[in-house]
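File shown: model-v9.csv (CSV, C-alpha atoms).
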chain,number,residue,atom,x,y,z
B,1048,MET,CA,-18.1,17.4,-4.4
B,1049,ILE,CA,-17.8,15.0,-1.4
B,1050,VAL,CA,-15.6,11.9,-2.1
B,1051,LEU,CA,-14.9,9.0,0.3
B,1052,ILE,CA,-11.6,7.2,-0.4
B,1053,ALA,CA,-11.5,3.7,1.0
B,1054,ASN,CA,-8.5,1.6,1.9
B,1055,LEU,CA,-9.3,-2.0,2.9
B,1056,GLY,CA,-7.5,-5.0,4.2
B,1057,SER,CA,-8.9,-8.5,4.9
B,1058,THR,CA,-9.9,-7.4,8.4
B,1059,SER,CA,-9.6,-3.7,8.3
B,1060,PHE,CA,-11.4,-0.6,6.8
B,1061,LYS,CA,-9.7,2.9,6.7
B,1062,TYR,CA,-10.9,5.9,4.8
B,1063,LYS,CA,-10.6,9.7,4.3
B,1064,LEU,CA,-13.6,11.9,3.4
B,1065,TYR,CA,-12.7,14.7,1.1
B,1066,SER,CA,-14.4,17.9,0.0
B,1067,ILE,CA,-13.1,18.6,-3.5
B,1068,ASP,CA,-13.4,21.4,-6.0
B,1069,PRO,CA,-12.4,19.6,-9.3
B,1070,ASP,CA,-11.6,22.9,-10.9
B,1071,ARG,CA,-9.0,24.0,-8.4
B,1072,GLY,CA,-6.9,20.8,-8.0
B,1073,ASP,CA,-5.1,19.9,-4.8
B,1074,ALA,CA,-5.6,23.3,-3.4
B,1075,ALA,CA,-9.2,22.5,-2.9
B,1076,MET,CA,-8.9,19.0,-1.7
B,1077,ASP,CA,-9.8,19.3,2.0
B,1078,VAL,CA,-10.0,16.3,4.4
B,1079,ILE,CA,-13.3,16.5,6.2
B,1080,ALA,CA,-13.0,13.3,8.3
B,1081,VAL,CA,-10.9,10.2,8.7
B,1082,GLY,CA,-11.9,6.8,10.1
B,1083,ALA,CA,-10.8,3.3,10.7
B,1084,ALA,CA,-11.9,-0.1,12.0
B,1085,ASP,CA,-9.9,-3.3,12.6
B,1086,ARG,CA,-10.5,-6.9,13.6
B,1087,ILE,CA,-13.5,-7.1,11.3
B,1088,GLY,CA,-15.1,-10.5,11.6
B,1089,GLN,CA,-12.9,-11.3,14.5
B,1090,GLY,CA,-14.8,-9.7,17.4
B,1091,GLY,CA,-13.8,-6.7,19.5
B,1092,SER,CA,-13.3,-4.4,16.5
B,1093,ASN,CA,-11.7,-1.0,17.4
B,1094,TRP,CA,-13.2,1.8,15.4
B,1095,SER,CA,-12.6,5.5,15.3
B,1096,VAL,CA,-13.9,8.6,13.5
B,1097,ALA,CA,-12.2,12.0,13.5
B,1098,ARG,CA,-13.9,15.1,12.1
B,1099,MET,CA,-11.5,17.7,10.9
B,1100,LEU,CA,-11.6,21.5,11.3
B,1101,GLY,CA,-13.1,23.2,8.4
B,1102,CYS,CA,-16.4,21.3,8.4
B,1103,GLY,CA,-17.9,23.4,11.2
B,1104,GLY,CA,-17.5,23.3,14.9
B,1105,ASP,CA,-14.5,22.1,16.9
B,1106,PRO,CA,-12.5,19.0,16.0
B,1107,ILE,CA,-14.1,15.9,17.3
B,1108,ARG,CA,-13.0,12.3,17.8
B,1109,ASP,CA,-15.2,9.4,18.5
B,1110,GLU,CA,-14.0,5.8,19.1
B,1111,GLY,CA,-15.1,2.6,20.6
B,1112,VAL,CA,-15.0,-1.2,20.5
B,1113,THR,CA,-17.8,-3.3,19.0
B,1114,ASP,CA,-18.3,-6.5,17.0
B,1115,LEU,CA,-18.3,-5.9,13.3
B,1116,ALA,CA,-19.3,-9.1,11.5
B,1117,ASP,CA,-18.1,-8.0,8.0
B,1118,HIS,CA,-17.1,-5.0,6.0
B,1119,ALA,CA,-20.7,-4.1,5.3
B,1120,ALA,CA,-21.2,-3.7,9.1
B,1121,ALA,CA,-18.1,-1.5,9.3
B,1122,ILE,CA,-19.3,0.7,6.5
B,1123,GLU,CA,-22.8,1.1,8.0
B,1124,LEU,CA,-21.3,2.1,11.3
B,1125,HIS,CA,-19.0,4.7,9.8
B,1126,LEU,CA,-21.6,6.2,7.5
B,1127,SER,CA,-23.8,6.7,10.5
B,1128,LYS,CA,-21.0,8.3,12.5
B,1129,LEU,CA,-20.2,10.7,9.7
B,1130,VAL,CA,-23.8,11.9,9.8
B,1131,GLU,CA,-23.9,11.9,13.6
B,1132,HIS,CA,-20.8,14.2,13.8
B,1133,HIS,CA,-21.9,16.4,11.0
B,1134,ALA,CA,-19.1,15.6,8.6
B,1135,VAL,CA,-22.0,15.3,6.1
B,1136,LYS,CA,-25.7,16.2,6.6
B,1137,ALA,CA,-26.8,12.9,5.1
B,1138,ILE,CA,-25.1,9.9,3.6
B,1139,GLY,CA,-26.7,10.9,0.3
B,1140,ASP,CA,-24.4,13.9,0.2
B,1141,ILE,CA,-21.5,11.7,-0.7
B,1142,ASP,CA,-21.0,12.1,-4.4
B,1143,ALA,CA,-18.5,9.4,-5.1
B,1144,ILE,CA,-16.4,6.6,-3.6
B,1145,GLY,CA,-12.8,5.8,-4.6
B,1146,PHE,CA,-11.0,2.6,-3.8
B,1147,LYS,CA,-7.2,1.9,-3.6
B,1148,ALA,CA,-7.9,-1.4,-5.4
B,1149,VAL,CA,-5.2,-4.0,-5.9
B,1150,HIS,CA,-5.5,-6.6,-8.6
B,1151,GLY,CA,-7.7,-6.2,-11.7
B,1152,GLY,CA,-5.6,-8.3,-14.0
B,1153,PRO,CA,-6.0,-6.8,-17.5
B,1154,ILE,CA,-7.9,-3.8,-16.1
B,1155,SER,CA,-5.6,-1.1,-15.0
B,1156,GLY,CA,-5.8,2.6,-14.2
B,1157,ALA,CA,-8.8,4.3,-12.5
B,1158,VAL,CA,-12.1,2.9,-13.8
B,1159,ILE,CA,-15.7,3.2,-12.9
B,1160,VAL,CA,-16.9,0.1,-11.0
B,1161,ASP,CA,-19.4,-1.9,-12.9
B,1162,ASP,CA,-20.3,-5.6,-13.2
B,1163,ASN,CA,-17.4,-6.3,-15.5
B,1164,VAL,CA,-14.9,-4.8,-13.1
B,1165,LEU,CA,-16.3,-6.8,-10.2
B,1166,ALA,CA,-16.3,-10.0,-12.2
B,1167,THR,CA,-12.7,-9.4,-13.3
B,1168,MET,CA,-11.6,-8.7,-9.7
B,1169,GLU,CA,-13.4,-12.0,-8.7
B,1170,GLN,CA,-11.4,-13.8,-11.4
B,1171,PHE,CA,-8.1,-12.6,-9.8
B,1172,ALA,CA,-9.2,-13.1,-6.2
B,1173,ASP,CA,-7.3,-16.4,-6.0
B,1174,VAL,CA,-4.0,-14.5,-6.5
B,1175,ALA,CA,-5.0,-11.6,-4.3
B,1176,PRO,CA,-6.9,-13.4,-1.5
B,1177,GLN,CA,-6.3,-10.8,1.2
B,1178,HIS,CA,-7.2,-7.9,-1.0
B,1179,ASN,CA,-9.8,-8.5,-3.7
B,1180,PRO,CA,-12.5,-10.2,-1.6
B,1181,PRO,CA,-12.8,-7.4,0.9
B,1182,TYR,CA,-12.8,-4.8,-1.8
B,1183,ILE,CA,-15.5,-6.6,-3.7
B,1184,ALA,CA,-17.5,-7.0,-0.5
B,1185,ALA,CA,-17.1,-3.3,0.3
B,1186,MET,CA,-18.1,-2.2,-3.3
B,1187,ARG,CA,-21.2,-4.2,-3.1
B,1188,ALA,CA,-22.0,-2.9,0.4
B,1189,PHE,CA,-21.7,0.7,-0.8
B,1190,MET,CA,-23.9,-0.1,-3.8
B,1191,ASP,CA,-26.6,-1.3,-1.4
B,1192,LYS,CA,-26.2,1.6,1.0
B,1193,LEU,CA,-25.6,4.3,-1.6
B,1194,PRO,CA,-27.3,3.2,-4.8
B,1195,GLY,CA,-26.5,5.3,-7.8
B,1196,VAL,CA,-23.4,6.8,-6.3
B,1197,PRO,CA,-20.5,6.2,-8.7
B,1198,GLN,CA,-17.5,4.2,-7.4
B,1199,VAL,CA,-14.0,4.3,-8.9
B,1200,ALA,CA,-11.4,1.5,-8.6
B,1201,ALA,CA,-7.9,2.9,-8.8
B,1202,PHE,CA,-5.8,-0.2,-9.4
B,1203,GLU,CA,-2.3,-0.3,-7.9
B,1204,THR,CA,-0.9,-1.8,-11.0
B,1205,ALA,CA,-1.4,1.3,-13.1
B,1206,PHE,CA,1.7,3.1,-12.0
B,1207,HIS,CA,3.8,0.2,-13.1
B,1208,GLN,CA,2.6,0.1,-16.7
B,1209,THR,CA,5.8,2.0,-17.7
B,1210,ILE,CA,8.1,-0.9,-16.6
B,1211,PRO,CA,9.9,-2.3,-19.7
B,1212,PRO,CA,8.6,-5.6,-20.9
B,1213,ALA,CA,11.9,-7.4,-20.1
B,1214,ARG,CA,11.3,-6.7,-16.4
B,1215,GLN,CA,7.6,-7.7,-16.6
B,1216,VAL,CA,8.0,-11.3,-17.8
B,1217,TYR,CA,9.1,-14.5,-16.1
B,1218,GLY,CA,11.1,-17.2,-17.9
B,1219,ILE,CA,8.0,-19.2,-18.7
B,1220,PRO,CA,6.3,-20.4,-21.9
B,1221,HIS,CA,5.3,-17.3,-23.9
B,1222,GLU,CA,1.7,-18.4,-24.3
B,1223,TRP,CA,1.3,-18.2,-20.5
B,1224,VAL,CA,2.2,-14.6,-20.8
B,1225,GLU,CA,0.1,-13.8,-23.8
B,1226,ASP,CA,-2.9,-16.0,-23.1
B,1227,LEU,CA,-3.1,-16.2,-19.4
B,1228,GLY,CA,-1.6,-12.9,-18.3
B,1229,ILE,CA,1.1,-14.5,-16.1
B,1230,ARG,CA,3.6,-11.7,-15.6
B,1231,ARG,CA,5.0,-9.2,-13.1
B,1232,TYR,CA,2.3,-6.5,-12.4
B,1233,GLY,CA,3.8,-4.5,-9.5
B,1234,PHE,CA,1.7,-3.1,-6.7
B,1235,HIS,CA,1.7,-0.3,-4.1
B,1236,GLY,CA,1.2,2.0,-7.1
B,1237,ALA,CA,-0.6,4.7,-5.2
B,1238,SER,CA,2.2,5.0,-2.6
B,1239,HIS,CA,5.0,4.9,-5.1
B,1240,ARG,CA,3.2,7.3,-7.4
B,1241,TYR,CA,2.9,9.7,-4.4
B,1242,ILE,CA,6.6,9.4,-3.6
B,1243,ALA,CA,7.5,10.1,-7.3
B,1244,THR,CA,5.2,13.1,-7.4
B,1245,ARG,CA,6.3,14.5,-4.0
B,1246,MET,CA,10.0,14.0,-4.8
B,1247,ALA,CA,9.6,16.0,-8.1
B,1248,GLU,CA,8.3,18.8,-5.9
B,1249,ILE,CA,10.8,18.9,-3.1
B,1250,ALA,CA,13.9,17.6,-4.9
B,1251,PRO,CA,13.4,18.1,-8.7
B,1252,ASP,CA,17.0,17.2,-9.4
B,1253,ALA,CA,16.5,13.7,-8.0
B,1254,LYS,CA,15.7,11.9,-11.3
B,1255,ARG,CA,16.6,8.4,-10.1
B,1256,VAL,CA,14.7,7.4,-7.0
B,1257,ILE,CA,14.4,4.1,-5.1
B,1258,SER,CA,11.2,4.1,-3.1
B,1259,CYS,CA,11.0,1.7,-0.2
B,1260,HIS,CA,7.4,1.2,1.0
B,1261,LEU,CA,7.9,-0.9,4.1
B,1262,GLY,CA,5.0,-1.9,6.4
B,1263,GLY,CA,2.7,-4.9,6.8
B,1264,SER,CA,3.1,-5.2,3.1
B,1265,CYS,CA,6.4,-4.2,1.6
B,1266,SER,CA,7.7,-3.3,-1.9
B,1267,ILE,CA,10.6,-1.5,-3.4
B,1268,CYS,CA,10.3,0.5,-6.6
B,1269,ALA,CA,12.8,2.0,-9.1
B,1270,ILE,CA,11.6,5.4,-10.4
B,1271,GLU,CA,13.2,7.2,-13.2
B,1272,ASP,CA,12.0,10.7,-14.3
B,1273,GLY,CA,8.8,10.1,-12.2
B,1274,LYS,CA,8.0,6.8,-13.8
B,1275,SER,CA,8.1,3.3,-12.4
B,1276,VAL,CA,10.8,1.2,-14.2
B,1277,ALA,CA,10.9,-1.8,-11.8
B,1278,ASN,CA,8.9,-3.1,-8.8
B,1279,SER,CA,9.7,-5.9,-6.4
B,1280,PHE,CA,6.2,-7.3,-6.5
B,1281,GLY,CA,5.5,-9.9,-9.2
B,1282,MET,CA,2.3,-11.6,-10.4
B,1283,THR,CA,0.8,-11.3,-6.9
B,1284,ALA,CA,1.1,-9.2,-3.7
B,1285,GLN,CA,2.5,-12.3,-2.0
B,1286,SER,CA,5.9,-11.9,-3.8
B,1287,GLY,CA,9.0,-9.7,-3.6
B,1288,THR,CA,10.5,-8.6,-0.3
B,1289,PHE,CA,9.6,-10.1,3.1
B,1290,HIS,CA,6.2,-9.0,4.4
B,1291,ALA,CA,4.7,-9.1,7.9
B,1292,GLY,CA,2.8,-12.3,7.3
B,1293,ARG,CA,3.3,-13.1,3.6
B,1294,VAL,CA,6.2,-15.0,2.1
B,1295,GLY,CA,7.7,-12.7,-0.5
B,1296,ASP,CA,9.9,-14.4,-3.0
B,1297,PHE,CA,9.7,-18.2,-2.9
B,1298,ASP,CA,10.8,-21.1,-5.1
B,1299,ALA,CA,7.7,-22.5,-6.8
B,1300,PHE,CA,9.2,-25.9,-7.0
B,1301,ALA,CA,9.5,-26.0,-3.2
B,1302,ILE,CA,5.8,-26.5,-3.2
B,1303,LEU,CA,6.3,-30.0,-4.6
B,1304,LYS,CA,8.3,-30.9,-1.5
B,1305,LEU,CA,5.6,-29.5,0.8
B,1306,LEU,CA,3.0,-31.6,-1.0
B,1307,ALA,CA,5.3,-34.6,-0.6
B,1308,PHE,CA,5.3,-34.0,3.1
B,1309,GLY,CA,1.5,-34.3,3.1
B,1310,LEU,CA,0.4,-30.7,3.1
B,1311,ASP,CA,-2.5,-29.8,0.7
B,1312,LEU,CA,-2.4,-26.8,-1.6
B,1313,ASP,CA,-5.1,-24.9,0.4
B,1314,THR,CA,-3.0,-25.2,3.5
B,1315,ILE,CA,0.1,-24.2,1.7
B,1316,TRP,CA,-1.5,-21.1,0.2
B,1317,LYS,CA,-3.0,-20.0,3.5
B,1318,ARG,CA,0.3,-20.4,5.4
B,1319,LEU,CA,2.4,-18.7,2.7
B,1320,GLY,CA,-0.1,-15.9,2.6
B,1321,GLY,CA,-0.7,-15.4,6.3
B,1322,ASP,CA,1.7,-17.3,8.5
B,1323,ALA,CA,5.0,-16.6,6.6
B,1324,GLY,CA,7.3,-13.5,6.4
B,1325,LEU,CA,8.2,-12.0,9.8
B,1326,LYS,CA,5.5,-13.9,11.6
B,1327,GLY,CA,6.4,-17.3,10.2
B,1328,LEU,CA,10.2,-17.0,10.5
B,1329,SER,CA,10.3,-15.3,13.9
B,1330,GLY,CA,7.5,-17.4,15.5
B,1331,VAL,CA,6.7,-14.2,17.5
B,1332,SER,CA,4.5,-11.8,15.6
B,1333,ALA,CA,3.8,-10.1,12.3
B,1334,ASP,CA,4.4,-6.7,14.1
B,1335,MET,CA,8.0,-5.5,13.4
B,1336,ARG,CA,8.1,-3.8,16.8
B,1337,GLU,CA,7.3,-7.0,18.7
B,1338,VAL,CA,9.9,-8.9,16.6
B,1339,GLU,CA,12.5,-6.3,17.4
B,1340,GLN,CA,11.7,-6.5,21.1
B,1341,ALA,CA,12.0,-10.3,21.0
B,1342,ALA,CA,15.4,-10.0,19.2
B,1343,GLU,CA,16.7,-7.5,21.8
B,1344,ALA,CA,15.7,-10.0,24.5
B,1345,GLY,CA,17.8,-12.7,22.9
B,1346,ASN,CA,15.3,-14.6,20.7
B,1347,GLU,CA,17.5,-16.0,17.9
B,1348,ARG,CA,14.6,-16.7,15.5
B,1349,ALA,CA,13.4,-13.1,15.9
B,1350,GLN,CA,16.9,-11.9,15.1
B,1351,LEU,CA,17.0,-14.2,12.0
B,1352,ALA,CA,13.7,-12.8,10.8
B,1353,LEU,CA,15.0,-9.2,11.2
B,1354,ASP,CA,18.2,-10.0,9.4
B,1355,ALA,CA,16.3,-11.8,6.5
B,1356,PHE,CA,13.9,-8.8,6.2
B,1357,VAL,CA,16.9,-6.4,5.9
B,1358,GLU,CA,18.6,-8.7,3.3
B,1359,SER,CA,15.5,-8.9,1.1
B,1360,CYS,CA,15.3,-5.1,1.1
B,1361,ARG,CA,19.0,-4.7,0.3
B,1362,HIS,CA,18.7,-7.3,-2.5
B,1363,TYR,CA,16.2,-5.2,-4.4
B,1364,ILE,CA,18.0,-1.9,-3.6
B,1365,GLY,CA,21.1,-3.4,-5.1
B,1366,ALA,CA,19.2,-4.6,-8.1
B,1367,TYR,CA,17.7,-1.2,-8.7
B,1368,LEU,CA,21.0,0.6,-8.4
B,1369,ALA,CA,21.9,-1.4,-11.4
B,1370,VAL,CA,18.6,-0.7,-13.2
B,1371,LEU,CA,19.0,3.1,-12.6
B,1372,ASN,CA,22.8,3.2,-13.0
B,1373,GLY,CA,23.0,4.6,-9.4
B,1374,ALA,CA,20.5,6.7,-7.5
B,1375,ASP,CA,19.9,10.3,-6.6
B,1376,ALA,CA,17.5,9.5,-3.7
B,1377,LEU,CA,16.5,6.6,-1.5
B,1378,VAL,CA,13.1,7.1,0.2
B,1379,PHE,CA,11.6,5.3,3.1
B,1380,THR,CA,7.8,5.3,3.6
B,1381,GLY,CA,5.1,3.1,5.1
B,1382,GLY,CA,4.8,2.2,8.8
B,1383,VAL,CA,8.2,0.4,9.1
B,1384,GLY,CA,9.9,2.7,6.6
B,1385,GLN,CA,8.8,5.8,8.5
B,1386,TYR,CA,9.2,4.6,12.1
B,1387,GLY,CA,11.8,1.8,11.9
B,1388,LYS,CA,15.0,3.6,12.8
B,1389,ALA,CA,17.0,0.4,13.3
B,1390,ILE,CA,15.7,-1.1,10.1
B,1391,ARG,CA,16.6,1.9,8.1
B,1392,ALA,CA,20.1,1.9,9.6
B,1393,ALA,CA,20.6,-1.8,8.9
B,1394,ILE,CA,19.4,-1.4,5.3
B,1395,CYS,CA,21.8,1.4,4.6
B,1396,ALA,CA,24.8,-0.1,6.3
B,1397,ASP,CA,27.9,-0.7,4.1
B,1398,LEU,CA,26.5,0.9,1.0
B,1399,ASP,CA,29.1,3.6,0.9
B,1400,PHE,CA,30.2,2.3,-2.5
B,1401,ALA,CA,26.9,3.5,-3.9
B,1402,GLY,CA,27.0,6.8,-2.2
B,1403,ILE,CA,24.4,5.7,0.4
B,1404,ARG,CA,25.4,7.0,3.9
B,1405,ILE,CA,22.9,7.5,6.7
B,1406,ASP,CA,23.4,10.1,9.4
B,1407,PRO,CA,22.9,8.2,12.7
B,1408,GLN,CA,21.8,11.3,14.6
B,1409,LYS,CA,19.3,12.5,12.0
B,1410,ASN,CA,18.0,8.9,11.6
B,1411,ASN,CA,17.4,8.6,15.4
B,1412,ASP,CA,15.9,12.1,15.7
B,1413,THR,CA,13.2,11.9,13.1
B,1414,ASP,CA,9.8,10.9,14.4
B,1415,GLY,CA,8.6,9.5,11.1
B,1416,ASN,CA,5.7,12.0,10.8
B,1417,ALA,CA,7.5,14.7,8.9
B,1418,GLU,CA,9.4,14.9,5.6
B,1419,THR,CA,13.0,14.5,6.7
B,1420,ARG,CA,16.4,14.0,5.2
B,1421,ILE,CA,18.6,11.6,7.1
B,1422,ASP,CA,21.9,11.6,5.1
B,1423,PRO,CA,24.9,13.8,6.0
B,1424,ARG,CA,24.0,16.3,3.2
B,1425,ASN,CA,27.6,16.4,2.0
B,1426,ASP,CA,28.3,18.0,-1.4
B,1427,ASP,CA,30.1,14.8,-2.6
B,1428,GLY,CA,27.5,13.5,-5.0
B,1429,GLY,CA,26.0,11.1,-2.4
B,1430,VAL,CA,22.5,9.8,-2.4
B,1431,ALA,CA,19.9,11.8,-0.6
B,1432,LEU,CA,18.1,9.7,2.0
B,1433,TRP,CA,14.5,10.7,2.8
B,1434,VAL,CA,11.8,9.7,5.2
B,1435,LEU,CA,8.5,10.7,3.5
B,1436,PRO,CA,5.0,9.9,4.9
B,1437,THR,CA,3.0,8.6,2.0
B,1438,ASN,CA,-0.5,9.7,1.1
B,1439,GLU,CA,-2.2,7.0,-0.9
B,1440,GLU,CA,-5.6,8.5,-0.3
B,1441,LEU,CA,-4.6,11.8,-2.0
B,1442,ILE,CA,-3.4,9.9,-5.1
B,1443,VAL,CA,-6.7,7.9,-5.2
B,1444,ALA,CA,-8.7,11.0,-4.7
B,1445,ARG,CA,-7.0,12.7,-7.7
B,1446,GLN,CA,-7.5,9.5,-9.8
B,1447,THR,CA,-11.2,9.4,-8.7
B,1448,VAL,CA,-11.9,12.9,-9.8
B,1449,GLU,CA,-10.1,12.4,-13.1
B,1450,ALA,CA,-12.1,9.2,-13.8
B,1451,LEU,CA,-15.4,10.9,-13.0
B,1452,SER,CA,-14.5,13.9,-15.2
B,1453,ASN,CA,-14.3,11.5,-18.1
B,1454,ARG,CA,-17.7,9.9,-17.3
B,1455,PRO,CA,-20.8,11.0,-19.1
B,1456,ALA,CA,-23.0,13.1,-16.9
B,1457,VAL,CA,-26.0,11.2,-15.3
B,1458,SER,CA,-28.8,12.4,-13.2
B,1459,ARG,CA,-29.1,11.2,-9.6
Kindly present the structure from the file in structure tokens form.
Amino acid sequence: MIVLIANLGSTSFKYKLYSIDPDRGDAAMDVIAVGAADRIGQGGSNWSVARMLGCGGDPIRDEGVTDLADHAAAIELHLSKLVEHHAVKAIGDIDAIGFKAVHGGPISGAVIVDDNVLATMEQFADVAPQHNPPYIAAMRAFMDKLPGVPQVAAFETAFHQTIPPARQVYGIPHEWVEDLGIRRYGFHGASHRYIATRMAEIAPDAKRVISCHLGGSCSICAIEDGKSVANSFGMTAQSGTFHAGRVGDFDAFAILKLLAFGLDLDTIWKRLGGDAGLKGLSGVSADMREVEQAAEAGNERAQLALDAFVESCRHYIGAYLAVLNGADALVFTGGVGQYGKAIRAAICADLDFAGIRIDPQKNNDTDGNAETRIDPRNDDGGVALWVLPTNEELIVARQTVEALSNRPAVSR
């Protein structure tokens, strides 16, 4: 079967196209093509399609710049390119579409997309404004372009259902928890699930793992025996550690002061959700590399933003050392986690008391693209430090196949 796995942002569209034999598992999950588009709705969108070996002919890459008005336009462009470059003979050859969906509120796990799923995602769009709307738009666009092709939403919250109740709740009136669903959900489930699965394969003795997914969006997860037992995200993906442009943890009562200064709620939400984090504090950029360059040039606000980012990560790592009673492994993944050598070093500094020691040479030598240990590897019971590229699409592909296998057969 041919399955397209979509990963969307408010202005981006990325995907992998898989050829899957459900009866053979991961051994028969071959990537046929990958593609991406950015700056959707902003003009001058960069798009790319790469067809892999194994689907006939030589590897081929196509890319360009065009104006993509919305996600529907991006989807239409990429579907046509997949046919043009013979990744599929016709778009009707695509058997299913899987989404790394974010917030479904009471809906969790991998589910077939229907009107109820879309309606529920719309209900939670206000607390996932950068995620739910583009996913809803993309799901509807695929429905129009590929009617009858099943879609699966693999919600990121599913991996965190094993978190104990005491770590899910806020100190709020209980009826808000029971009746309104106000609690800590946890996100980045596909990435942390991949880390848990992969660590069980390459380091089966590492039962207590702290997974640091650091990128444009950041979260830290405590994993025990392959299960999530704590996650830095809360009710929304605006919370937890610092993010590139989102606030992270923030005192709700500070909003009263912002209102008193004359800001309206809509402005506050938009600024906390897009002009905060690294971008807001540094005044430079949401891109970690640009903030680091500015700090090196003497920009004090940029340095403050870097220091605050590191402190927020160390805060949760410290908390999860307590949750897990220590750790066997600390894993870095995501764009910053994999490539941010200075950030990794700063996060791990002065944590010898917990057995966390980074090897400066190994840390500097890794390019972030391969699975690499960056600790001294001493036989002293220390924590293993890993750089592991995540593979969220593989996890969603697995979940999509599983959801479809439980679906009554229908004719197309």
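Near Cys1265 (chain B), within 10 Å and counting only C-alpha atoms, sit Phe1234, His1235, Cys1259, His1260, Ser1279, Phe1280, Ala1284, Gln1285, Ser1286, Gly1287, Thr1288, Phe1289, His1290, Ala1291, Arg1293, Gly1295, Phe1356, Cys1360, Thr1380, Gly1381, Gly1382, Val1383 and Gly1384 of chain B, not including residues fewer than 5 positions from it in the same chain.
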Applying 7 Å and only C-alpha atoms, which residues near region 1132-1135 of chain B remain after dropping the ones on its own chain fewer than 4 positions away? List them as a VMD selection string. chain B and resid 1079 to 1080 1098 1102 1128 1140
I'd like the contact shell of Thr1419 (chain B) - 9 Å cut-off, all atoms listed in the file, skipping same-chain residues fewer than 6 positions apart - returned as number ranges by chain. B: 1409-1410, 1413, 1432-1435
Shell around Asn1278 (chain B) at 10 Å using all atoms listed in the file, local window under 5 positions removed, as a ChimeraX atom specification: /B:1207,1210,1214-1215,1231-1236,1239,1257-1258,1266-1270,1287,1363,1367
Kindly provide the residues of region 1297-1397 of chain B that approach region 1158-1178 of chain B to within 12 Å, each paired with its closest atom pair and their distance in Å to one decimal, based on all atoms listed in the file, listed by chain and increasing number, as a Markdown table.
| residue | atom | partner | partner_atom | distance |
| --- | --- | --- | --- | --- |
| B:Asp1313 | CA | B:Asp1173 | CA | 10.9 |
| B:Trp1316 | CA | B:Pro1176 | CA | 9.6 |
| B:Lys1317 | CA | B:Pro1176 | CA | 9.2 |
| B:Leu1319 | CA | B:Pro1176 | CA | 11.5 |
| B:Gly1320 | CA | B:Gln1177 | CA | 8.1 |
| B:Gly1321 | CA | B:Gln1177 | CA | 8.9 |
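Those residues that approach Ile1144 (chain B) to within 7 Å, counting all atoms listed in the file, are Val1050, Leu1051, Ile1052, Pro1197, Gln1198 and Val1199 of chain B; same-chain residues fewer than 5 positions away are not listed.
Atom pair CA of Gly1373 (chain B) / CA of Ala1401 (chain B) has a distance of 6.8 Å (rounded to one decimal).
With all atoms listed in the file as the atoms that count, the minimum distance from Gly1387 (chain B) to the choices B:Pro1069, B:Gly1228, B:Gly1415, B:Pro1211 is reached by B:Gly1415.
Using only C-alpha atoms, the nearest neighbour of Val1081 (chain B) within the list B:Thr1113, B:Glu1440, B:Arg1318, B:Gly1281 is B:Glu1440.
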Polymer residues at most 12 Å from (9.8, -11.1, -22.9) by only C-alpha atoms, as a VMD selection string: chain B and resid 1211 to 1225 1229 to 1231
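Residue nearest Val1196 (chain B), chosen from B:Gly1324, B:Gly1145, B:Gly1262, B:Gly1402 and counting all atoms listed in the file: B:Gly1145.
The nearest approach to Pro1194 (chain B) among the residues B:Glu1347, B:Gly1428, B:Ser1057, B:Ala1143, with only C-alpha atoms taken into account, belongs to B:Ala1143.
The spacing separating CA of Asp1412 (chain B) from CA of Lys1388 (chain B) amounts to 9.0 Å.
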